[in-house]
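This report refers to the structure that appears directly beneath it.
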2 protein chains.
Amino acid sequence: MPRISNRGSQMPQSPIRKLVPLAEAAEKQGKTVLRLNIGQPDIPTSDKALAAIRNLKSNIVEYSHSAGMESLRRKMAEYYKRNNIFVDYEDILITTGGSEAITITLLTCLNAGDEILVPEPFYANYYSFATSTDVNVVAITSKIENGFALPPIEEFKKKITPRTKGIIICNPNNPTGYVYSRRELEQIRDLVLEHDLFLLSDEVYREFVYDNEEFISVMSLEGLENHAILIDSLSKRYSATGLRTGALVTKNKQLRDTALKFCQARLSPPYVGQIAGEAAIDSSDEYMSGMFQEYLSRRKCLVEALNKIPGVVCPTPKGAFYVMAKLPVDDAEKFASWMLSDFSYQGRTVMLAPGAGFYTVGDLGKQEVRLAYVINVEDIKKAMVCLEEGLKQYPGRTIR
Amino acid sequence: MPRISNRGSQMPQSPIRKLVPLAEAAEKQGKTVLRLNIGQPDIPTSDKALAAIRNLKSNIVEYSHSAGMESLRRKMAEYYKRNNIFVDYEDILITTGGSEAITITLLTCLNAGDEILVPEPFYANYYSFATSTDVNVVAITSKIENGFALPPIEEFKKKITPRTKGIIICNPNNPTGYVYSRRELEQIRDLVLEHDLFLLSDEVYREFVYDNEEFISVMSLEGLENHAILIDSLSKRYSATGLRTGALVTKNKQLRDTALKFCQARLSPPYVGQIAGEAAIDSSDEYMSGMFQEYLSRRKCLVEALNKIPGVVCPTPKGAFYVMAKLPVDDAEKFASWMLSDFSYQGRTVMLAPGAGFYTVGDLGKQEVRLAYVINVEDIKKAMVCLEEGLKQYPGRTIR
């Protein structure tokens, strides 16, 4: 039997994936599993997108241009303009979700063995994309104590080597919900320019910034025209994760021309996803603000409830629909498994994403979990009752 | 300005891509460009697929399971059974087109620097997928003189090194239309077993096998359970290239479990493409045989017309919807450019795919072109009149 590749063996299995069979088993036992572990919102997809799918005009579902449909790219450029991101439609390549945009950017900008700096905790799949492109992730740790603000820029500087080619940030952040300030972004900008790095900014949660916090795109920072790559996706913005319509946006023409060659190899992004995505950009203000208000209520409910549970610490994040919380447990991964396998309260239990999956070093995040507020307020309340009870009963509780 | 990666610089630009601006310019000048260069059929998508899109039930276009929807996987397993390919639904991972299935297979099976053998001419994007996964393509040349049959197996043996990890075949073949015989496939099987290699078989043109030629899948060859990977796609079978619904099929559990980790990183294949793909598998016999008969008529028309043109040689391929033809020209790439830029006949010209793009060595295929019979018989006839006239007038003609 031929051996699989080393990169295959090295691909991480996230702690969430390990929990899936436990959750399925819990459901088979009749427990209701309240899932706070994943980023699949329960909010209906934009009606504009649904209507575009149901009214599909063409009788041939064909390849689009490898860079995406021009009409969608033009529509996105208008959308960006309204959001103070001034790009031409030609600066936009449509990708199969934000995932493909990241992979293609890594392939285009970094060689095998090059290094990319990422503040941790970070979206676990960045590590997978780096593994599949033979790029080394170098993490700089942010801390729950200051709400996961950008680590001191000196910490980044210490990690720079001749192989460092870029930085990835996620803003608003998954998993922490943190929104970077202008000052923080300018510090990153200066570092990027000083060391001539690429800066990938994953801004798929742009619409979800609360408390009048200012959202700043890397595309609006002066001097970064040749360095900045905006990673985008319509998945979260229009509650349509299955469309797989994302984008790689950059003013750097050489980068774009090269990225396009990777796009050409896979021929085209999904046709229906592009048609639906283009329509979604015209979603009504009512739809958009309804979704925003819903997340706002959920955040309030979730953060307040978490902080009322003895021993739990949860900063109030300004963006996205995630929080990272610190629990009074010996090992959040064990606790998350225990909740599914050995616990229920009023017939319910809660599925959490163990924090360790968002860090490069196992021990960091050992007491943390990510919670996605993608279920309604009533269910969040039930989940919090359940979590509080679970923490009382859990044998590995650290604070009595 | 930071430098892009070496792998980015090395990504090939296919000769077809270079012709696109020339074709656009020709159309601006008022010429009708008959496009025989690409694999985008003009045949309507299966009505079952279109109906499934237009009747989309769910109001949330969500992530599916990373391995694809179970109902689609089960439906595909039934389809395979009817085609003498006996696999379980769990052996099937749904991918974003056949393209992603190939990329994920290369990542799973080969390390950076490993080698994969491919009979040439081959589908140009194999080279791109190999470049983006840092795999080295080692080509074994097949010849137009014997209709692009499998090269002698000794030629494969000569190219095997300690870094050889696999073989890719495309059956029925793009670009040659060749269908491998049982004897040829058994020779490959024996080689694969002798050297413990992976065998990737791209069988997306399975439905298009003519003249009662027997189609044999690698999945039906005994002894290859741990070695064979079937690459599939619904794009061509149901004339729905924009769905981006493909599959990676293998009985090798370790390979599949590892490939699934790459699938998990990108979360899910497109939702609507899966719904439509599942419906398409129930396409009526009338639709399927109508499409088959149409390609059969086109092949007859194209191959006969080509062989009537003085100096042109074109074998009659048994499958797919492509032919490779040898033209009496100094350089098929120059000829293809000249046809678009400097020639028209009755207001028309023809766009061809230069053969060099399907070979690793520039000079091979210098007199060859690939023609895809994806336009109707009337247009094929017009294109052949135009090609004959073009060959008369072309200054670089080699046979007078």
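We name chains A, B, ... following the order of the structure tokens; residues begin at 1 in each chain, and ligands are numbered from 1 as shown.
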
>> List the spatial neighbours of region 6-10 of chain A as a list of chain:residue names - criterion: any atom at most 7 Å away, only C-alpha atoms, same-chain residues fewer than 2 positions off excluded.
In response: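 Result of the neighbour search: A:Ile4, A:Pro12, A:Thr131, A:Ser132, B:Leu107, B:Thr108, B:Asn111, B:Thr258.
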
Using backbone DSSP assignments, extract all helix (DSSP H, G or I) residues from region 4-57 of chain B; output them as a PDB file with N, CA, C and O atoms, in the first residue's frame.
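The file below, part04.pdb, is the result:
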ATOM      1  N   ASN B   6       7.996  32.033  -6.151  1.00  0.00           N
ATOM      2  CA  ASN B   6       8.525  31.335  -7.330  1.00  0.00           C
ATOM      3  C   ASN B   6       7.454  30.456  -7.961  1.00  0.00           C
ATOM      4  O   ASN B   6       7.348  30.366  -9.174  1.00  0.00           O
ATOM      5  N   ARG B   7       6.656  29.801  -7.106  1.00  0.00           N
ATOM      6  CA  ARG B   7       5.628  28.928  -7.691  1.00  0.00           C
ATOM      7  C   ARG B   7       4.612  29.741  -8.468  1.00  0.00           C
ATOM      8  O   ARG B   7       4.055  29.270  -9.454  1.00  0.00           O
ATOM      9  N   GLY B   8       4.394  30.976  -8.005  1.00  0.00           N
ATOM     10  CA  GLY B   8       3.515  31.878  -8.757  1.00  0.00           C
ATOM     11  C   GLY B   8       4.124  32.220 -10.114  1.00  0.00           C
ATOM     12  O   GLY B   8       3.458  32.146 -11.140  1.00  0.00           O
ATOM     13  N   SER B   9       5.416  32.576 -10.101  1.00  0.00           N
ATOM     14  CA  SER B   9       6.092  32.922 -11.368  1.00  0.00           C
ATOM     15  C   SER B   9       6.102  31.735 -12.312  1.00  0.00           C
ATOM     16  O   SER B   9       6.060  31.893 -13.531  1.00  0.00           O
ATOM     17  N   GLN B  10       6.202  30.523 -11.721  1.00  0.00           N
ATOM     18  CA  GLN B  10       6.328  29.330 -12.568  1.00  0.00           C
ATOM     19  C   GLN B  10       4.989  28.799 -13.087  1.00  0.00           C
ATOM     20  O   GLN B  10       4.969  27.917 -13.937  1.00  0.00           O
ATOM     21  N   PRO B  15      -1.320  28.467 -23.886  1.00  0.00           N
ATOM     22  CA  PRO B  15      -1.422  29.201 -25.154  1.00  0.00           C
ATOM     23  C   PRO B  15      -2.863  29.646 -25.461  1.00  0.00           C
ATOM     24  O   PRO B  15      -3.064  30.656 -26.122  1.00  0.00           O
ATOM     25  N   ILE B  16      -3.842  28.902 -24.946  1.00  0.00           N
ATOM     26  CA  ILE B  16      -5.239  29.318 -25.195  1.00  0.00           C
ATOM     27  C   ILE B  16      -5.485  30.692 -24.577  1.00  0.00           C
ATOM     28  O   ILE B  16      -6.086  31.561 -25.185  1.00  0.00           O
ATOM     29  N   ARG B  17      -4.999  30.866 -23.330  1.00  0.00           N
ATOM     30  CA  ARG B  17      -5.235  32.125 -22.631  1.00  0.00           C
ATOM     31  C   ARG B  17      -4.663  33.301 -23.409  1.00  0.00           C
ATOM     32  O   ARG B  17      -5.225  34.378 -23.429  1.00  0.00           O
ATOM     33  N   LYS B  18      -3.499  33.061 -24.036  1.00  0.00           N
ATOM     34  CA  LYS B  18      -2.873  34.146 -24.793  1.00  0.00           C
ATOM     35  C   LYS B  18      -3.727  34.550 -25.990  1.00  0.00           C
ATOM     36  O   LYS B  18      -3.628  35.668 -26.483  1.00  0.00           O
ATOM     37  N   LEU B  19      -4.531  33.610 -26.482  1.00  0.00           N
ATOM     38  CA  LEU B  19      -5.345  33.887 -27.661  1.00  0.00           C
ATOM     39  C   LEU B  19      -6.624  34.662 -27.338  1.00  0.00           C
ATOM     40  O   LEU B  19      -7.218  35.276 -28.219  1.00  0.00           O
ATOM     41  N   VAL B  20      -7.033  34.625 -26.057  1.00  0.00           N
ATOM     42  CA  VAL B  20      -8.319  35.232 -25.700  1.00  0.00           C
ATOM     43  C   VAL B  20      -8.410  36.710 -26.114  1.00  0.00           C
ATOM     44  O   VAL B  20      -9.390  37.112 -26.743  1.00  0.00           O
ATOM     45  N   PRO B  21      -7.371  37.527 -25.812  1.00  0.00           N
ATOM     46  CA  PRO B  21      -7.487  38.935 -26.240  1.00  0.00           C
ATOM     47  C   PRO B  21      -7.579  39.076 -27.769  1.00  0.00           C
ATOM     48  O   PRO B  21      -8.272  39.963 -28.259  1.00  0.00           O
ATOM     49  N   LEU B  22      -6.912  38.180 -28.503  1.00  0.00           N
ATOM     50  CA  LEU B  22      -6.973  38.237 -29.975  1.00  0.00           C
ATOM     51  C   LEU B  22      -8.394  37.926 -30.446  1.00  0.00           C
ATOM     52  O   LEU B  22      -8.901  38.551 -31.385  1.00  0.00           O
ATOM     53  N   ALA B  23      -9.030  36.943 -29.793  1.00  0.00           N
ATOM     54  CA  ALA B  23     -10.401  36.583 -30.172  1.00  0.00           C
ATOM     55  C   ALA B  23     -11.354  37.741 -29.878  1.00  0.00           C
ATOM     56  O   ALA B  23     -12.242  38.057 -30.678  1.00  0.00           O
ATOM     57  N   GLU B  24     -11.139  38.377 -28.726  1.00  0.00           N
ATOM     58  CA  GLU B  24     -11.997  39.519 -28.372  1.00  0.00           C
ATOM     59  C   GLU B  24     -11.826  40.664 -29.365  1.00  0.00           C
ATOM     60  O   GLU B  24     -12.798  41.294 -29.777  1.00  0.00           O
ATOM     61  N   ALA B  25     -10.577  40.880 -29.773  1.00  0.00           N
ATOM     62  CA  ALA B  25     -10.302  41.944 -30.762  1.00  0.00           C
ATOM     63  C   ALA B  25     -10.963  41.602 -32.094  1.00  0.00           C
ATOM     64  O   ALA B  25     -11.528  42.472 -32.767  1.00  0.00           O
ATOM     65  N   ALA B  26     -10.896  40.325 -32.485  1.00  0.00           N
ATOM     66  CA  ALA B  26     -11.506  39.900 -33.756  1.00  0.00           C
ATOM     67  C   ALA B  26     -13.010  40.156 -33.729  1.00  0.00           C
ATOM     68  O   ALA B  26     -13.594  40.634 -34.713  1.00  0.00           O
ATOM     69  N   GLU B  27     -13.615  39.868 -32.575  1.00  0.00           N
ATOM     70  CA  GLU B  27     -15.062  40.093 -32.466  1.00  0.00           C
ATOM     71  C   GLU B  27     -15.402  41.571 -32.517  1.00  0.00           C
ATOM     72  O   GLU B  27     -16.409  41.956 -33.100  1.00  0.00           O
ATOM     73  N   LYS B  28     -14.529  42.390 -31.928  1.00  0.00           N
ATOM     74  CA  LYS B  28     -14.746  43.842 -31.993  1.00  0.00           C
ATOM     75  C   LYS B  28     -14.689  44.345 -33.428  1.00  0.00           C
ATOM     76  O   LYS B  28     -15.358  45.304 -33.796  1.00  0.00           O
ATOM     77  N   ASP B  47     -32.372  19.210 -17.530  1.00  0.00           N
ATOM     78  CA  ASP B  47     -33.554  19.910 -16.994  1.00  0.00           C
ATOM     79  C   ASP B  47     -33.807  19.548 -15.532  1.00  0.00           C
ATOM     80  O   ASP B  47     -34.341  20.351 -14.769  1.00  0.00           O
ATOM     81  N   LYS B  48     -33.391  18.349 -15.124  1.00  0.00           N
ATOM     82  CA  LYS B  48     -33.565  17.958 -13.713  1.00  0.00           C
ATOM     83  C   LYS B  48     -32.727  18.867 -12.810  1.00  0.00           C
ATOM     84  O   LYS B  48     -33.166  19.268 -11.729  1.00  0.00           O
ATOM     85  N   ALA B  49     -31.512  19.169 -13.252  1.00  0.00           N
ATOM     86  CA  ALA B  49     -30.639  20.036 -12.459  1.00  0.00           C
ATOM     87  C   ALA B  49     -31.213  21.449 -12.400  1.00  0.00           C
ATOM     88  O   ALA B  49     -31.269  22.072 -11.332  1.00  0.00           O
ATOM     89  N   LEU B  50     -31.672  21.943 -13.551  1.00  0.00           N
ATOM     90  CA  LEU B  50     -32.227  23.302 -13.593  1.00  0.00           C
ATOM     91  C   LEU B  50     -33.462  23.395 -12.687  1.00  0.00           C
ATOM     92  O   LEU B  50     -33.622  24.372 -11.940  1.00  0.00           O
ATOM     93  N   ALA B  51     -34.317  22.352 -12.744  1.00  0.00           N
ATOM     94  CA  ALA B  51     -35.530  22.365 -11.914  1.00  0.00           C
ATOM     95  C   ALA B  51     -35.162  22.361 -10.429  1.00  0.00           C
ATOM     96  O   ALA B  51     -35.785  23.065  -9.623  1.00  0.00           O
ATOM     97  N   ALA B  52     -34.150  21.600 -10.074  1.00  0.00           N
ATOM     98  CA  ALA B  52     -33.746  21.538  -8.659  1.00  0.00           C
ATOM     99  C   ALA B  52     -33.260  22.906  -8.176  1.00  0.00           C
ATOM    100  O   ALA B  52     -33.519  23.297  -7.029  1.00  0.00           O
ATOM    101  N   ILE B  53     -32.566  23.623  -9.042  1.00  0.00           N
ATOM    102  CA  ILE B  53     -32.097  24.963  -8.669  1.00  0.00           C
ATOM    103  C   ILE B  53     -33.304  25.888  -8.497  1.00  0.00           C
ATOM    104  O   ILE B  53     -33.439  26.582  -7.496  1.00  0.00           O
ATOM    105  N   ARG B  54     -34.194  25.846  -9.492  1.00  0.00           N
ATOM    106  CA  ARG B  54     -35.340  26.779  -9.485  1.00  0.00           C
ATOM    107  C   ARG B  54     -36.352  26.435  -8.396  1.00  0.00           C
ATOM    108  O   ARG B  54     -37.133  27.288  -7.992  1.00  0.00           O
TER     109      ARG B  54
END

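Remark: for Ser99 (chain B), the closest of the candidate residues A:Ser297, A:Cys386, A:Pro269, A:Val323 is A:Pro269 (distances computed over only C-alpha atoms).
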
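For the choices B:Ser217, B:Thr32, B:Asn83, B:Ser14, the atom-to-atom distance to Tyr345 (chain B) is smallest for B:Thr32 when using only C-alpha atoms.
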
Notebook entry, point to check: Between A:Leu224, A:Val204, A:Leu106, A:Val218, which has the minimum distance to Thr241 (chain A) (counting only C-alpha atoms)?
Noted result: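 Closest candidate: A:Val204.
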
*Counting only C-alpha atoms, the residue of B:Arg298, B:Lys326, B:Lys143, B:Lys157 that sits nearest Ile375 (chain B)*: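 Closest to Ile375 (chain B), using only C-alpha atoms: B:Arg298.
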
DSSP strand (DSSP E or B) selection over region 174-269 of chain A, as a JSON list (two decimals) with all heavy atoms, in the first residue's frame:
[["chain", "number", "residue", "atom", "x", "y", "z"],
["A", 198, "PHE", "N", 3.83, 40.98, 2.76],
["A", 198, "PHE", "CA", 2.43, 41.02, 2.34],
["A", 198, "PHE", "C", 1.55, 41.05, 3.58],
["A", 198, "PHE", "O", 1.90, 40.48, 4.62],
["A", 198, "PHE", "CB", 2.09, 39.77, 1.51],
["A", 198, "PHE", "CG", 2.72, 39.77, 0.14],
["A", 198, "PHE", "CD1", 3.79, 38.92, -0.15],
["A", 198, "PHE", "CD2", 2.25, 40.61, -0.86],
["A", 198, "PHE", "CE1", 4.38, 38.92, -1.41],
["A", 198, "PHE", "CE2", 2.83, 40.61, -2.13],
["A", 198, "PHE", "CZ", 3.89, 39.76, -2.40],
["A", 199, "LEU", "N", 0.39, 41.71, 3.47],
["A", 199, "LEU", "CA", -0.55, 41.75, 4.59],
["A", 199, "LEU", "C", -1.90, 41.23, 4.12],
["A", 199, "LEU", "O", -2.58, 41.87, 3.31],
["A", 199, "LEU", "CB", -0.69, 43.19, 5.12],
["A", 199, "LEU", "CG", -1.73, 43.38, 6.24],
["A", 199, "LEU", "CD1", -1.43, 42.52, 7.44],
["A", 199, "LEU", "CD2", -1.80, 44.86, 6.65],
["A", 200, "LEU", "N", -2.26, 40.04, 4.61],
["A", 200, "LEU", "CA", -3.57, 39.46, 4.29],
["A", 200, "LEU", "C", -4.55, 39.86, 5.38],
["A", 200, "LEU", "O", -4.29, 39.60, 6.56],
["A", 200, "LEU", "CB", -3.51, 37.93, 4.26],
["A", 200, "LEU", "CG", -2.87, 37.23, 3.08],
["A", 200, "LEU", "CD1", -1.36, 37.42, 3.08],
["A", 200, "LEU", "CD2", -3.21, 35.74, 3.11],
["A", 201, "SER", "N", -5.65, 40.47, 4.99],
["A", 201, "SER", "CA", -6.63, 40.86, 5.98],
["A", 201, "SER", "C", -7.98, 40.21, 5.65],
["A", 201, "SER", "O", -8.58, 40.49, 4.62],
["A", 201, "SER", "CB", -6.76, 42.38, 6.02],
["A", 201, "SER", "OG", -7.64, 42.76, 7.06],
["A", 202, "ASP", "N", -8.38, 39.33, 6.54],
["A", 202, "ASP", "CA", -9.63, 38.58, 6.38],
["A", 202, "ASP", "C", -10.72, 39.41, 7.03],
["A", 202, "ASP", "O", -10.79, 39.52, 8.25],
["A", 202, "ASP", "CB", -9.43, 37.22, 7.07],
["A", 202, "ASP", "CG", -10.67, 36.35, 7.08],
["A", 202, "ASP", "OD1", -11.77, 36.83, 6.76],
["A", 202, "ASP", "OD2", -10.53, 35.16, 7.42],
["A", 209, "VAL", "N", -19.99, 44.97, 13.27],
["A", 209, "VAL", "CA", -19.16, 45.77, 14.17],
["A", 209, "VAL", "C", -20.12, 46.60, 15.02],
["A", 209, "VAL", "O", -20.95, 47.33, 14.48],
["A", 209, "VAL", "CB", -18.21, 46.69, 13.37],
["A", 209, "VAL", "CG1", -17.41, 47.58, 14.31],
["A", 209, "VAL", "CG2", -17.27, 45.84, 12.51],
["A", 228, "ALA", "N", -1.18, 45.01, 0.55],
["A", 228, "ALA", "CA", -2.42, 44.55, 1.19],
["A", 228, "ALA", "C", -3.24, 43.66, 0.27],
["A", 228, "ALA", "O", -3.39, 43.93, -0.92],
["A", 228, "ALA", "CB", -3.26, 45.75, 1.62],
["A", 229, "ILE", "N", -3.77, 42.59, 0.85],
["A", 229, "ILE", "CA", -4.72, 41.70, 0.16],
["A", 229, "ILE", "C", -5.93, 41.57, 1.08],
["A", 229, "ILE", "O", -5.81, 41.12, 2.22],
["A", 229, "ILE", "CB", -4.13, 40.29, -0.09],
["A", 229, "ILE", "CG1", -2.85, 40.37, -0.89],
["A", 229, "ILE", "CG2", -5.17, 39.42, -0.81],
["A", 229, "ILE", "CD1", -1.59, 40.13, -0.09],
["A", 230, "LEU", "N", -7.08, 41.98, 0.55],
["A", 230, "LEU", "CA", -8.32, 41.83, 1.29],
["A", 230, "LEU", "C", -8.92, 40.47, 0.96],
["A", 230, "LEU", "O", -9.10, 40.13, -0.22],
["A", 230, "LEU", "CB", -9.29, 42.95, 0.88],
["A", 230, "LEU", "CG", -10.77, 42.79, 1.23],
["A", 230, "LEU", "CD1", -10.96, 42.67, 2.74],
["A", 230, "LEU", "CD2", -11.56, 43.98, 0.70],
["A", 231, "ILE", "N", -9.18, 39.67, 2.00],
["A", 231, "ILE", "CA", -9.87, 38.39, 1.83],
["A", 231, "ILE", "C", -11.33, 38.61, 2.20],
["A", 231, "ILE", "O", -11.61, 39.14, 3.29],
["A", 231, "ILE", "CB", -9.26, 37.32, 2.78],
["A", 231, "ILE", "CG1", -7.75, 37.17, 2.57],
["A", 231, "ILE", "CG2", -10.00, 35.99, 2.66],
["A", 231, "ILE", "CD1", -7.34, 36.66, 1.22],
["A", 232, "ASP", "N", -12.22, 38.26, 1.31],
["A", 232, "ASP", "CA", -13.63, 38.54, 1.60],
["A", 232, "ASP", "C", -14.49, 37.33, 1.27],
["A", 232, "ASP", "O", -14.05, 36.38, 0.61],
["A", 232, "ASP", "CB", -14.10, 39.76, 0.80],
["A", 232, "ASP", "CG", -15.22, 40.51, 1.51],
["A", 232, "ASP", "OD1", -15.70, 40.03, 2.56],
["A", 232, "ASP", "OD2", -15.61, 41.58, 1.02],
["A", 233, "SER", "N", -15.72, 37.38, 1.74],
["A", 233, "SER", "CA", -16.68, 36.31, 1.49],
["A", 233, "SER", "C", -18.08, 36.87, 1.69],
["A", 233, "SER", "O", -18.29, 37.73, 2.54],
["A", 233, "SER", "CB", -16.44, 35.16, 2.46],
["A", 233, "SER", "OG", -17.57, 34.33, 2.49],
["A", 246, "GLY", "N", -16.49, 34.04, -2.57],
["A", 246, "GLY", "CA", -15.56, 34.89, -1.85],
["A", 246, "GLY", "C", -14.78, 35.76, -2.82],
["A", 246, "GLY", "O", -15.09, 35.79, -4.02],
["A", 247, "ALA", "N", -13.79, 36.46, -2.28],
["A", 247, "ALA", "CA", -13.00, 37.33, -3.15],
["A", 247, "ALA", "C", -11.60, 37.56, -2.61],
["A", 247, "ALA", "O", -11.38, 37.52, -1.39],
["A", 247, "ALA", "CB", -13.70, 38.67, -3.33],
["A", 248, "LEU", "N", -10.69, 37.76, -3.55],
["A", 248, "LEU", "CA", -9.32, 38.16, -3.26],
["A", 248, "LEU", "C", -9.20, 39.54, -3.91],
["A", 248, "LEU", "O", -9.38, 39.66, -5.12],
["A", 248, "LEU", "CB", -8.39, 37.14, -3.92],
["A", 248, "LEU", "CG", -6.88, 37.19, -3.77],
["A", 248, "LEU", "CD1", -6.26, 35.94, -4.37],
["A", 248, "LEU", "CD2", -6.24, 38.42, -4.37],
["A", 249, "VAL", "N", -8.93, 40.57, -3.08],
["A", 249, "VAL", "CA", -8.93, 41.93, -3.60],
["A", 249, "VAL", "C", -7.57, 42.56, -3.33],
["A", 249, "VAL", "O", -7.10, 42.55, -2.19],
["A", 249, "VAL", "CB", -10.04, 42.78, -2.92],
["A", 249, "VAL", "CG1", -10.14, 44.16, -3.57],
["A", 249, "VAL", "CG2", -11.39, 42.05, -2.98]]
